[in-house]
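Colleague: Below you'll find the structure I mean.
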Amino acid sequence: MSTAIKRFPKNESRLYMAYMYVAFISLFIGATMGLVQTLERAGAITMPSFISYYQVLTVHGIILALVMTTFFIFGFMLSSQSKTTGGYNNTERNLSWLSFVVMLAGVIMASVMVFLNEATVLFTFYAPLQAHVIFYIGMALVIVGSWINGFVIFKRHARFRKENPGERTPLLSYMAVITMLMWQIASIGVAVTVVGQMIPWALGWVDSIDVLLSRTLFWYFGHPLVYFWLLPAYMMWYAVMPKIIGGKIFSDSLARFTFVLLLLFSIPVGFHHQLTEPGIPEFWKYIQVVLTMVVVVPSMMTAFSMFATFESRGRELGAKGMFGWLKKMPWKDARFLAPFVGMVFFIPGGAGGIINASNQMNQVVHNTIWVTGHFHLTVATVVILTFFGITYWLIPHLTGRAFTPVMNRLAIVQTVLWTVGMTIMSTAMHWQGLLGGPRRSAYSDYLGNADTAAWGSYQVAQAVGGSILFVGMIVMIIIFINLAFFAPKGETEYPLGEVHSLEAPAPKVFENWPLWIGLTLALVLFAYTIPLIDIIQSKPPGAQGFKLW
Ligand code: HAS
């Protein structure tokens, strides 16, 4: 490899690796809990009396969906912004360390409470399940810590613009800004319910809670939360994948436009998680379902961009016909294979999302294990396989090591294991869901019941898929440890796609932040003001309601 590869200064590599250590420890704990769950649901094991299925489910959900993702995302996103803007200064780096420490303190506080069985409230922690106040304070710290990183990202982007007037801002920095804007605006909802409702309730200052209000504030945050996982994967697809296949970014402007649309439309859609809930006027559910269908459009644009990227490169290499490019892709390179398989999984995963969002079909699948199948396809495959693909070059780049051919082969095995395990597990989940099998249920005695015997066999299939995924996770941890500590010293490239020389600069309007923030807030106000007033005014008799109102 070329000796010209420029690595991060040591203090920066250490920062990103700190995020990665937390992410991969979380992966190990969380995925182990996942195996335990599928085995329990299949009736293969019985949990000891001092630990409940729901406690294990809470650890699994929180540590994978909230901790592993968040820490990985910051490690990747900060490194990509630093790499493309010319690096962070001391203040920015120190702020990011502060963010890391605050988030980690929050994670430790929340985890201790979950392990003590004082916070068995699942990853959505919504009322009326109640946790120990330390759990809520921990969660609030995670949010506050993440905001600090958001400000680092905004500050660095602004500094780049100031120092390079008139120049196109780096695409990855732009995407990081959009991701964090969406996150900051959305996480206000969960912060308000945690601080304004849950902490006073857990402390006994009030003796009841307005459940519908707290769930509404949670889901105002909950859908952008899933996009907070997805957007960094899109960053990789748009800005890194072209380099890995030897091509060019299809269109920098289209990528920016996609991200702007995701910012505008990913927040005012939380009601699609509450379609079966009474107390929210039908009209506003309808409006938010329409907005949900609108937020599907930027994902369709992403699919188009990816096909165009692959096809352009394929044709450069002599491919013919609509799918001739498939033969020209670097299948033996795990940095390509893992994210590509992730993309393929998004075709059924995205279709499942559209089914969920369609009011009538939602009545069939809501609260069934179909939904669990949906999010294992999306976050646990589309996103996670992309993150694994990033790991194969980011970790050796940070540690100054090489991604050896042996590790590449192991990474291909890892991708195959994940593909097979997830196909079996999530298909069985979708199918069982269609038959009415519930989600979030430990009950497993279905095989002995004539009406539900089929459910039992689907749960066995889930345990088989889950066991294969567990092996895949162990392989991933082996690769991570190798790349962090044992791989031979070497220089691994941080692959950054280039914009085609013929592409015109992105229109200036993309950097008009007051416009995009203003439009985002306007859409949020439009979609939420009237239903929220309605929910607050018609709170159930006796419910304490909202302290700030
Ligand atoms: Fe979802 C529930 C609707 C996307 C995650 N979702 C969940 C939950 C999670 C989750 C965690 O409307 C459960 C929360 C809970 O605990 O209750 N979801 C959607 C819709 C989309 C969507 C409309 N979800 C995601 C993503 C997630 C995620 C992404 C994680 C990262 N979801 C719902 C709804 C519910 C829900 C309801 C509530 C259900 C209920 O009743 O409780 C859309 O964003 C999907 C759009 C995606 C596409 C796909 C584009 C395809 C691409 C790939 C191209 C492939 C290529 C390769 C280029 C339109 C970009 C081609 C190669 C070849 C060889 C062909």
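Scheme for the structure tokens: letters A, B, ... for chains in order shown; per-chain residue numbers from 1; ligand numbers from 1 in order shown.
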6 Å from ligand 1 is the threshold here; counting only C-alpha atoms and all ligand atoms, which polymer residues fall inside it? Answer as a PyMOL selection string.

Modeller: chain A and resi 226-227+229-230+272-273+292+296+299-300+302-303+306-307+343-344+346-347+350+353-354+356-357+362+366-367+371+375+378-379

Colleague: Produce a file of the selected residues containing C-alpha atoms, as a PDB file, in the first residue's frame.

Modeller:
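Contents of result-v1.pdb, freshly written:
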ATOM      1  CA  VAL A 226     -34.014   4.839  13.724  1.00  0.00           C
ATOM      2  CA  TYR A 227     -32.797   7.339  11.130  1.00  0.00           C
ATOM      3  CA  TRP A 229     -28.846   4.694  12.952  1.00  0.00           C
ATOM      4  CA  LEU A 230     -29.527   4.710   9.206  1.00  0.00           C
ATOM      5  CA  HIS A 272     -47.030   5.759  12.769  1.00  0.00           C
ATOM      6  CA  HIS A 273     -45.840   3.914  15.882  1.00  0.00           C
ATOM      7  CA  THR A 292     -44.172   8.792   6.487  1.00  0.00           C
ATOM      8  CA  VAL A 296     -39.689   6.896   2.012  1.00  0.00           C
ATOM      9  CA  SER A 299     -34.553   6.185   0.623  1.00  0.00           C
ATOM     10  CA  MET A 300     -35.796   5.460  -2.903  1.00  0.00           C
ATOM     11  CA  THR A 302     -30.630   6.427  -2.208  1.00  0.00           C
ATOM     12  CA  ALA A 303     -31.473   3.131  -3.914  1.00  0.00           C
ATOM     13  CA  MET A 306     -26.483   3.257  -5.369  1.00  0.00           C
ATOM     14  CA  PHE A 307     -27.645   1.467  -8.513  1.00  0.00           C
ATOM     15  CA  MET A 343     -28.344  -2.800   0.997  1.00  0.00           C
ATOM     16  CA  VAL A 344     -29.964  -5.925  -0.418  1.00  0.00           C
ATOM     17  CA  PHE A 346     -33.097  -3.039   2.819  1.00  0.00           C
ATOM     18  CA  ILE A 347     -35.318  -4.048  -0.084  1.00  0.00           C
ATOM     19  CA  GLY A 350     -38.028  -1.068   3.530  1.00  0.00           C
ATOM     20  CA  GLY A 353     -41.666  -0.500   6.812  1.00  0.00           C
ATOM     21  CA  ILE A 354     -44.157   0.664   4.194  1.00  0.00           C
ATOM     22  CA  ASN A 356     -46.158  -1.090   8.901  1.00  0.00           C
ATOM     23  CA  ALA A 357     -46.943   2.495   8.015  1.00  0.00           C
ATOM     24  CA  ASN A 362     -50.628  -1.954  10.744  1.00  0.00           C
ATOM     25  CA  HIS A 366     -48.780  -4.092  15.317  1.00  0.00           C
ATOM     26  CA  ASN A 367     -47.448  -5.632  18.522  1.00  0.00           C
ATOM     27  CA  VAL A 371     -42.301  -5.767  13.910  1.00  0.00           C
ATOM     28  CA  PHE A 375     -36.226  -4.055  12.839  1.00  0.00           C
ATOM     29  CA  THR A 378     -33.263  -2.867   9.149  1.00  0.00           C
ATOM     30  CA  VAL A 379     -31.124  -1.887  12.122  1.00  0.00           C
TER      31      VAL A 379
END

Colleague: Would you please extract all strand (DSSP E or B) residues from region 329-523 of chain A, as assigned by DSSP on the backbone, and give them as a ChimeraX atom specification?

Modeller: /A:368,401,438,489,499

Colleague: How would the residues just picked look written out with N, CA and C atoms as a PDB file, in the first residue's frame?

Modeller:
ATOM      1  N   THR A 368     -47.096  -7.496  17.010  1.00  0.00           N
ATOM      2  CA  THR A 368     -46.742  -8.895  16.750  1.00  0.00           C
ATOM      3  C   THR A 368     -45.233  -8.945  16.508  1.00  0.00           C
ATOM      4  N   ARG A 401      -2.600  -0.638  11.677  1.00  0.00           N
ATOM      5  CA  ARG A 401      -2.377  -2.051  11.362  1.00  0.00           C
ATOM      6  C   ARG A 401      -2.933  -2.371   9.980  1.00  0.00           C
ATOM      7  N   PRO A 438     -47.245 -12.824  19.326  1.00  0.00           N
ATOM      8  CA  PRO A 438     -46.944 -11.536  19.953  1.00  0.00           C
ATOM      9  C   PRO A 438     -45.448 -11.253  20.029  1.00  0.00           C
ATOM     10  N   LYS A 489       1.571  -4.558  11.884  1.00  0.00           N
ATOM     11  CA  LYS A 489       1.611  -3.108  11.643  1.00  0.00           C
ATOM     12  C   LYS A 489       1.525  -2.843  10.143  1.00  0.00           C
ATOM     13  N   VAL A 499     -15.777  13.190  -5.945  1.00  0.00           N
ATOM     14  CA  VAL A 499     -16.853  13.675  -6.809  1.00  0.00           C
ATOM     15  C   VAL A 499     -16.340  13.697  -8.240  1.00  0.00           C
TER      16      VAL A 499
END

Colleague: Which residues are near region 149-158 of chain A? Cut-off 8 Å, only C-alpha atoms, ignore same chain within fewer than 4 positions. Put them as a list in words.

Modeller: Phe74, Leu78, Gln81, Thr85, Tyr88, Glu92, Leu95, Ser96, Ser99, Gly145, Lys162, Thr169, Ser173, Tyr174, Ala176, Val177, Met180, Leu181 and Gln184 of chain A

Colleague: Closest to Asn359 (chain A) among A:Met301, A:Thr391, A:Tyr53, A:Gln288, using only C-alpha atoms?

Modeller: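 That would be A:Gln288, the residue with the smallest distance to Asn359 (chain A).
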
Colleague: Neighbours of Leu212 (chain A) within 9 Å (only C-alpha atoms; same-chain residues fewer than 6 positions away dropped), as a PyMOL selection string?

Modeller: chain A and resi 127+277-280+535-536+539

Colleague: I'd like the neighbourhood of Val524 (chain A) as a VMD selection string, where a residue qualifies if any of its atoms comes within 8 Å (using only C-alpha atoms), though same-chain residues fewer than 5 positions away should be ignored.

Modeller: chain A and resid 267 to 268 529

Colleague: Select, from A:Leu385, A:Ile245, A:Ala461, A:Met77, the residue with the minimum atom-to-atom distance to Trp431 (chain A), counting only C-alpha atoms.

Modeller: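 Using only C-alpha atoms, the shortest distance to Trp431 (chain A) belongs to A:Ala461.
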
Colleague: Env of Leu39 (chain A): 10 Å cut, atoms = only C-alpha atoms, seq-sep filter 3 positions within chain, self excluded. Answer as number ranges by chain.

Modeller: A: 33-36, 42-47, 444, 459-460, 462-464, 466-467

Colleague: Okay, now the selection with all heavy atoms, as a compact mmCIF listing (two decimals), in the first residue's frame?

Modeller:
# COMPACT_ATOMS: atom_id res chain seq x y z
N MET A 33 -27.19 -11.76 24.97
CA MET A 33 -28.56 -11.71 25.53
C MET A 33 -29.57 -12.12 24.47
O MET A 33 -30.57 -12.78 24.76
CB MET A 33 -28.90 -10.30 26.02
CG MET A 33 -28.04 -9.81 27.14
SD MET A 33 -28.19 -10.84 28.60
CE MET A 33 -26.50 -11.05 29.05
N GLY A 34 -29.31 -11.75 23.22
CA GLY A 34 -30.23 -12.11 22.13
C GLY A 34 -30.33 -13.62 21.99
O GLY A 34 -31.42 -14.19 21.84
N LEU A 35 -29.18 -14.29 22.09
CA LEU A 35 -29.19 -15.75 21.98
C LEU A 35 -30.02 -16.35 23.12
O LEU A 35 -30.87 -17.23 22.90
CB LEU A 35 -27.75 -16.29 22.04
CG LEU A 35 -27.63 -17.82 22.07
CD1 LEU A 35 -28.06 -18.41 20.73
CD2 LEU A 35 -26.21 -18.27 22.40
N VAL A 36 -29.79 -15.84 24.34
CA VAL A 36 -30.53 -16.35 25.50
C VAL A 36 -32.04 -16.22 25.26
O VAL A 36 -32.82 -17.14 25.52
CB VAL A 36 -30.10 -15.57 26.78
CG1 VAL A 36 -30.96 -15.94 27.97
CG2 VAL A 36 -28.63 -15.82 27.08
N ALA A 42 -37.87 -20.48 22.51
CA ALA A 42 -38.06 -21.77 21.83
C ALA A 42 -38.29 -22.89 22.86
O ALA A 42 -38.46 -24.05 22.50
CB ALA A 42 -36.84 -22.08 20.97
N GLY A 43 -38.22 -22.54 24.15
CA GLY A 43 -38.41 -23.54 25.19
C GLY A 43 -37.16 -24.39 25.41
O GLY A 43 -37.20 -25.42 26.10
N ALA A 44 -36.02 -23.98 24.84
CA ALA A 44 -34.80 -24.79 24.97
C ALA A 44 -34.13 -24.59 26.32
O ALA A 44 -33.42 -25.47 26.81
CB ALA A 44 -33.83 -24.44 23.85
N ILE A 45 -34.31 -23.42 26.93
CA ILE A 45 -33.74 -23.19 28.26
C ILE A 45 -34.78 -22.49 29.13
O ILE A 45 -35.74 -21.91 28.61
CB ILE A 45 -32.47 -22.28 28.21
CG1 ILE A 45 -32.79 -20.92 27.57
CG2 ILE A 45 -31.31 -22.95 27.52
CD1 ILE A 45 -31.72 -19.87 27.80
N THR A 46 -34.58 -22.58 30.43
CA THR A 46 -35.44 -21.84 31.34
C THR A 46 -34.54 -20.91 32.15
O THR A 46 -33.50 -21.32 32.63
CB THR A 46 -36.16 -22.80 32.31
OG1 THR A 46 -36.76 -23.82 31.51
CG2 THR A 46 -37.23 -22.09 33.12
N MET A 47 -34.96 -19.67 32.24
CA MET A 47 -34.14 -18.68 32.94
C MET A 47 -34.10 -19.00 34.43
O MET A 47 -35.12 -19.40 34.99
CB MET A 47 -34.78 -17.30 32.73
CG MET A 47 -33.83 -16.21 32.41
SD MET A 47 -33.09 -16.40 30.80
CE MET A 47 -34.22 -15.50 29.77
N SER A 444 -43.63 -19.48 25.84
CA SER A 444 -43.09 -20.30 24.75
C SER A 444 -43.79 -21.64 24.61
O SER A 444 -43.41 -22.46 23.79
CB SER A 444 -41.60 -20.55 25.01
OG SER A 444 -41.45 -21.29 26.20
N GLN A 459 -40.70 -20.38 16.41
CA GLN A 459 -39.77 -19.95 17.47
C GLN A 459 -38.52 -20.81 17.50
O GLN A 459 -37.44 -20.32 17.79
CB GLN A 459 -40.49 -19.94 18.82
CG GLN A 459 -41.53 -18.84 18.82
CD GLN A 459 -42.10 -18.51 20.18
OE1 GLN A 459 -42.85 -17.57 20.30
NE2 GLN A 459 -41.76 -19.27 21.20
N VAL A 460 -38.68 -22.09 17.14
CA VAL A 460 -37.50 -22.94 17.04
C VAL A 460 -36.61 -22.41 15.90
O VAL A 460 -35.40 -22.29 16.05
CB VAL A 460 -37.91 -24.42 16.80
CG1 VAL A 460 -36.68 -25.28 16.51
CG2 VAL A 460 -38.67 -24.96 18.02
N GLN A 462 -36.42 -19.41 14.90
CA GLN A 462 -35.75 -18.18 15.38
C GLN A 462 -34.53 -18.51 16.22
O GLN A 462 -33.50 -17.83 16.15
CB GLN A 462 -36.73 -17.33 16.19
CG GLN A 462 -37.77 -16.64 15.32
CD GLN A 462 -39.01 -16.25 16.10
OE1 GLN A 462 -38.93 -15.89 17.27
NE2 GLN A 462 -40.15 -16.31 15.47
N ALA A 463 -34.65 -19.58 17.02
CA ALA A 463 -33.51 -19.96 17.87
C ALA A 463 -32.35 -20.47 17.00
O ALA A 463 -31.18 -20.19 17.29
CB ALA A 463 -33.94 -21.03 18.87
N VAL A 464 -32.69 -21.18 15.91
CA VAL A 464 -31.62 -21.66 15.01
C VAL A 464 -30.93 -20.45 14.38
O VAL A 464 -29.70 -20.32 14.41
CB VAL A 464 -32.22 -22.59 13.91
CG1 VAL A 464 -31.17 -22.92 12.86
CG2 VAL A 464 -32.79 -23.86 14.55
N GLY A 466 -30.92 -17.40 15.47
CA GLY A 466 -30.26 -16.64 16.54
C GLY A 466 -28.91 -17.26 16.91
O GLY A 466 -27.95 -16.55 17.20
N SER A 467 -28.85 -18.60 16.89
CA SER A 467 -27.59 -19.27 17.25
C SER A 467 -26.53 -19.00 16.18
O SER A 467 -25.35 -18.77 16.49
CB SER A 467 -27.79 -20.78 17.40
OG SER A 467 -28.82 -21.00 18.33

Colleague: Which neighbours of Val102 (chain A) fall inside 10 Å, counting only C-alpha atoms, when residues of the same chain fewer than 5 positions from it are skipped, and could you give them as a list in words?

Modeller: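 Contacts, in chain order: Ser96, Trp97, Val107, Gly138, Ala140, Leu141, Val142, Ile143, Val144, Gly145, Ser146 and Ile148 of chain A.
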
Colleague: Could you go through region 267-469 of chain A and tell me which residues DSSP, when run on the backbone, assigns to alpha helix (DSSP H), listing them as a compact mmCIF listing (two decimals) with C-alpha atoms, in the first residue's frame?

Modeller:
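See selection.txt below for the written result:
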# COMPACT_ATOMS: atom_id res chain seq x y z
CA GLU A 282 -57.57 10.09 13.36
CA PHE A 283 -56.93 13.10 11.16
CA TRP A 284 -53.47 13.69 12.64
CA LYS A 285 -52.60 10.02 12.37
CA TYR A 286 -53.56 10.27 8.70
CA ILE A 287 -51.38 13.35 8.18
CA GLN A 288 -48.37 11.63 9.77
CA VAL A 289 -48.91 8.49 7.68
CA VAL A 290 -48.80 10.68 4.57
CA LEU A 291 -45.57 12.30 5.84
CA THR A 292 -44.17 8.79 6.49
CA MET A 293 -44.76 7.91 2.84
CA VAL A 294 -42.91 11.12 1.94
CA VAL A 295 -39.87 10.13 4.02
CA VAL A 296 -39.69 6.90 2.01
CA VAL A 297 -38.77 9.01 -1.05
CA PRO A 298 -35.18 9.88 0.02
CA SER A 299 -34.55 6.19 0.62
CA MET A 300 -35.80 5.46 -2.90
CA MET A 301 -33.40 8.18 -4.10
CA THR A 302 -30.63 6.43 -2.21
CA ALA A 303 -31.47 3.13 -3.91
CA PHE A 304 -31.34 4.97 -7.28
CA SER A 305 -27.97 6.57 -6.44
CA MET A 306 -26.48 3.26 -5.37
CA PHE A 307 -27.64 1.47 -8.51
CA ALA A 308 -26.22 4.35 -10.56
CA THR A 309 -22.89 4.18 -8.70
CA PHE A 310 -22.57 0.44 -9.25
CA GLU A 311 -23.74 0.56 -12.84
CA SER A 312 -21.40 3.45 -13.80
CA ARG A 313 -18.43 1.58 -12.36
CA GLY A 314 -19.54 -1.68 -13.97
CA ARG A 315 -19.81 -0.03 -17.40
CA GLU A 316 -16.36 1.52 -16.96
CA ALA A 334 -15.36 -7.77 2.73
CA ARG A 335 -15.33 -3.95 2.88
CA PHE A 336 -17.67 -4.11 -0.12
CA LEU A 337 -19.55 -7.34 0.56
CA ALA A 338 -20.85 -6.59 4.06
CA PRO A 339 -22.45 -3.19 3.26
CA PHE A 340 -23.72 -4.48 -0.10
CA VAL A 341 -25.56 -7.35 1.60
CA GLY A 342 -26.92 -4.71 3.99
CA MET A 343 -28.34 -2.80 1.00
CA VAL A 344 -29.96 -5.93 -0.42
CA PHE A 345 -31.66 -6.55 2.94
CA PHE A 346 -33.10 -3.04 2.82
CA ILE A 347 -35.32 -4.05 -0.08
CA PRO A 348 -37.52 -6.37 2.08
CA GLY A 349 -36.77 -4.27 5.19
CA GLY A 350 -38.03 -1.07 3.53
CA ALA A 351 -41.06 -2.83 2.04
CA GLY A 352 -41.89 -4.09 5.54
CA GLY A 353 -41.67 -0.50 6.81
CA ILE A 354 -44.16 0.66 4.19
CA ILE A 355 -46.51 -2.15 5.25
CA ASN A 356 -46.16 -1.09 8.90
CA ALA A 357 -46.94 2.50 8.02
CA ASN A 359 -52.91 2.06 8.65
CA GLN A 360 -55.01 -1.00 7.78
CA MET A 361 -52.04 -3.36 7.53
CA ASN A 362 -50.63 -1.95 10.74
CA GLN A 363 -53.73 -3.32 12.52
CA VAL A 364 -52.57 -6.82 11.50
CA VAL A 365 -48.90 -6.54 12.40
CA ILE A 369 -43.28 -10.33 16.28
CA TRP A 370 -43.50 -9.16 12.63
CA VAL A 371 -42.30 -5.77 13.91
CA THR A 372 -39.33 -7.46 15.61
CA GLY A 373 -38.58 -9.11 12.25
CA HIS A 374 -38.76 -5.67 10.59
CA PHE A 375 -36.23 -4.06 12.84
CA HIS A 376 -33.87 -7.00 12.75
CA LEU A 377 -33.81 -6.61 8.97
CA ILE A 384 -25.02 -3.32 11.36
CA LEU A 385 -23.55 -5.02 8.29
CA THR A 386 -22.62 -1.56 7.01
CA PHE A 387 -21.00 -0.79 10.37
CA PHE A 388 -19.09 -4.10 10.18
CA GLY A 389 -17.94 -3.11 6.69
CA ILE A 390 -16.68 0.21 8.11
CA THR A 391 -14.89 -1.62 10.94
CA TYR A 392 -12.72 -3.53 8.46
CA TRP A 393 -10.90 -0.36 7.37
CA LEU A 394 -11.56 2.13 10.18
CA ILE A 395 -10.07 0.10 13.05
CA PRO A 396 -6.80 -0.78 11.27
CA HIS A 397 -6.56 2.81 10.04
CA LEU A 398 -6.86 4.02 13.64
CA THR A 399 -4.47 1.43 15.11
CA PRO A 405 -6.15 -11.47 3.64
CA VAL A 406 -6.86 -13.94 6.46
CA MET A 407 -9.02 -11.39 8.30
CA ASN A 408 -10.70 -10.46 5.02
CA ARG A 409 -11.66 -14.13 4.52
CA LEU A 410 -12.94 -14.31 8.09
CA ALA A 411 -14.96 -11.14 7.46
CA ILE A 412 -16.53 -12.79 4.40
CA VAL A 413 -17.43 -15.80 6.58
CA GLN A 414 -18.90 -13.34 9.11
CA THR A 415 -21.06 -11.73 6.41
CA VAL A 416 -22.30 -15.14 5.24
CA LEU A 417 -23.12 -16.22 8.81
CA TRP A 418 -25.03 -12.98 9.43
CA THR A 419 -26.91 -13.31 6.13
CA VAL A 420 -27.95 -16.91 6.77
CA GLY A 421 -28.76 -16.39 10.47
CA MET A 422 -30.77 -13.26 9.88
CA THR A 423 -32.64 -14.68 6.89
CA ILE A 424 -33.82 -17.63 8.97
CA MET A 425 -34.57 -15.63 12.12
CA SER A 426 -36.31 -12.64 10.58
CA THR A 427 -38.34 -14.70 8.08
CA ALA A 428 -39.64 -16.82 10.97
CA MET A 429 -40.42 -13.64 12.93
CA HIS A 430 -42.35 -12.06 10.05
CA TRP A 431 -44.29 -15.26 9.44
CA GLN A 432 -45.15 -15.87 13.07
CA GLY A 433 -46.21 -12.23 13.31
CA LEU A 434 -48.66 -12.66 10.43
CA ALA A 453 -48.35 -25.21 17.37
CA ALA A 454 -47.10 -23.46 14.22
CA TRP A 455 -45.90 -20.54 16.34
CA GLY A 456 -43.74 -22.96 18.31
CA SER A 457 -42.00 -24.21 15.19
CA TYR A 458 -41.33 -20.61 14.09
CA GLN A 459 -39.77 -19.95 17.47
CA VAL A 460 -37.50 -22.94 17.04
CA ALA A 461 -36.48 -21.50 13.65
CA GLN A 462 -35.75 -18.18 15.38
CA ALA A 463 -33.51 -19.96 17.87
CA VAL A 464 -31.62 -21.66 15.01
CA GLY A 465 -31.16 -18.31 13.24
CA GLY A 466 -30.26 -16.64 16.54
CA SER A 467 -27.59 -19.27 17.25
CA ILE A 468 -26.00 -18.72 13.83
CA LEU A 469 -26.04 -14.96 14.49

Colleague: Counting only C-alpha atoms, figure out which residue out of A:Phe403, A:Pro281, A:Met473, A:Asn89 gets nearest to Phe485 (chain A).

Modeller: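 Answer, going by the shortest atom-to-atom distance: A:Phe403.
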
Colleague: What's the separation between CA of Leu231 (chain A) and CA of Phe72 (chain A), in Å to one decimal place?

Modeller: 12.6 Å
